[in-house]
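Below is one structure, written out as structure tokens; the observations come after it.
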Amino acid sequence: MPRPYEAVADAVRTARAIVMQEGAALAAAARSGTDATLEAASRDLVSRIAQAILDAETEAMARALVAAESHPGARLSA
């Protein structure tokens, strides 16, 4: 079972990777001066952030289910 701080460390690593990849693309789009290119790069950055949030939420729910199954007396409520 992962330690509680590992989820935070994973989130920071993911955020850094997103900023490095999509932020560089956004900066290049800003330098290009083309509104459509800047808009596309912005959408890509927002999409990556949203997907990372959803992925982390899904992983947390999966961990909670595994933890609940390993302790049958403690049930999760909806």
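The way I read the labels, and the way they are meant: chains A, B, ... in the order of the structure tokens, residue 1 as the first residue of every chain, and ligand 1 as the first ligand shown, with later ones counted on from there.
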
Next on the checklist: List the spatial neighbours of segment 39-47 of chain A as a list in words - criterion: any atom at most 10 Å away, only C-alpha atoms, same-chain residues fewer than 2 positions off excluded.
Outcome noted: Ile18, Val19, Gln21, Glu22, Gly23, Ala24, Ala25, Leu26, Ala27, Ala28, Ala29, Ala30, Thr34, Asp35, Ala36, Thr37, Ile49, Ala50, Gln51, Ala52 and Ile53 of chain A

Include C-alpha atoms and write out the residues we just selected as an mmCIF file, in the first residue's frame.
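Final output, saved to selection.cif:
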```cif
data_model
loop_
_atom_site.group_PDB
_atom_site.id
_atom_site.type_symbol
_atom_site.label_atom_id
_atom_site.label_comp_id
_atom_site.auth_asym_id
_atom_site.auth_seq_id
_atom_site.Cartn_x
_atom_site.Cartn_y
_atom_site.Cartn_z
ATOM 1 C CA ILE A 18 2.710 18.589 -18.060
ATOM 2 C CA VAL A 19 4.219 22.052 -17.586
ATOM 3 C CA GLN A 21 5.699 19.520 -22.288
ATOM 4 C CA GLU A 22 2.585 21.591 -22.779
ATOM 5 C CA GLY A 23 4.048 24.780 -21.313
ATOM 6 C CA ALA A 24 6.842 24.708 -23.878
ATOM 7 C CA ALA A 25 4.277 24.255 -26.639
ATOM 8 C CA LEU A 26 2.215 27.117 -25.217
ATOM 9 C CA ALA A 27 5.275 29.386 -25.099
ATOM 10 C CA ALA A 28 6.151 28.518 -28.687
ATOM 11 C CA ALA A 29 2.565 29.219 -29.743
ATOM 12 C CA ALA A 30 2.675 32.593 -27.965
ATOM 13 C CA THR A 34 -1.018 33.198 -34.304
ATOM 14 C CA ASP A 35 -4.220 33.251 -32.277
ATOM 15 C CA ALA A 36 -5.358 29.831 -33.533
ATOM 16 C CA THR A 37 -2.034 28.240 -32.579
ATOM 17 C CA ILE A 49 -4.427 18.991 -16.658
ATOM 18 C CA ALA A 50 -8.028 17.780 -16.641
ATOM 19 C CA GLN A 51 -6.979 14.262 -17.672
ATOM 20 C CA ALA A 52 -4.339 14.152 -14.930
ATOM 21 C CA ILE A 53 -6.963 15.143 -12.350
#
```

Next on the checklist: I need the residues in chain A that are helix (DSSP H, G or I) according to DSSP; give them as a ChimeraX atom specification.
Outcome noted: /A:4-32,35-70
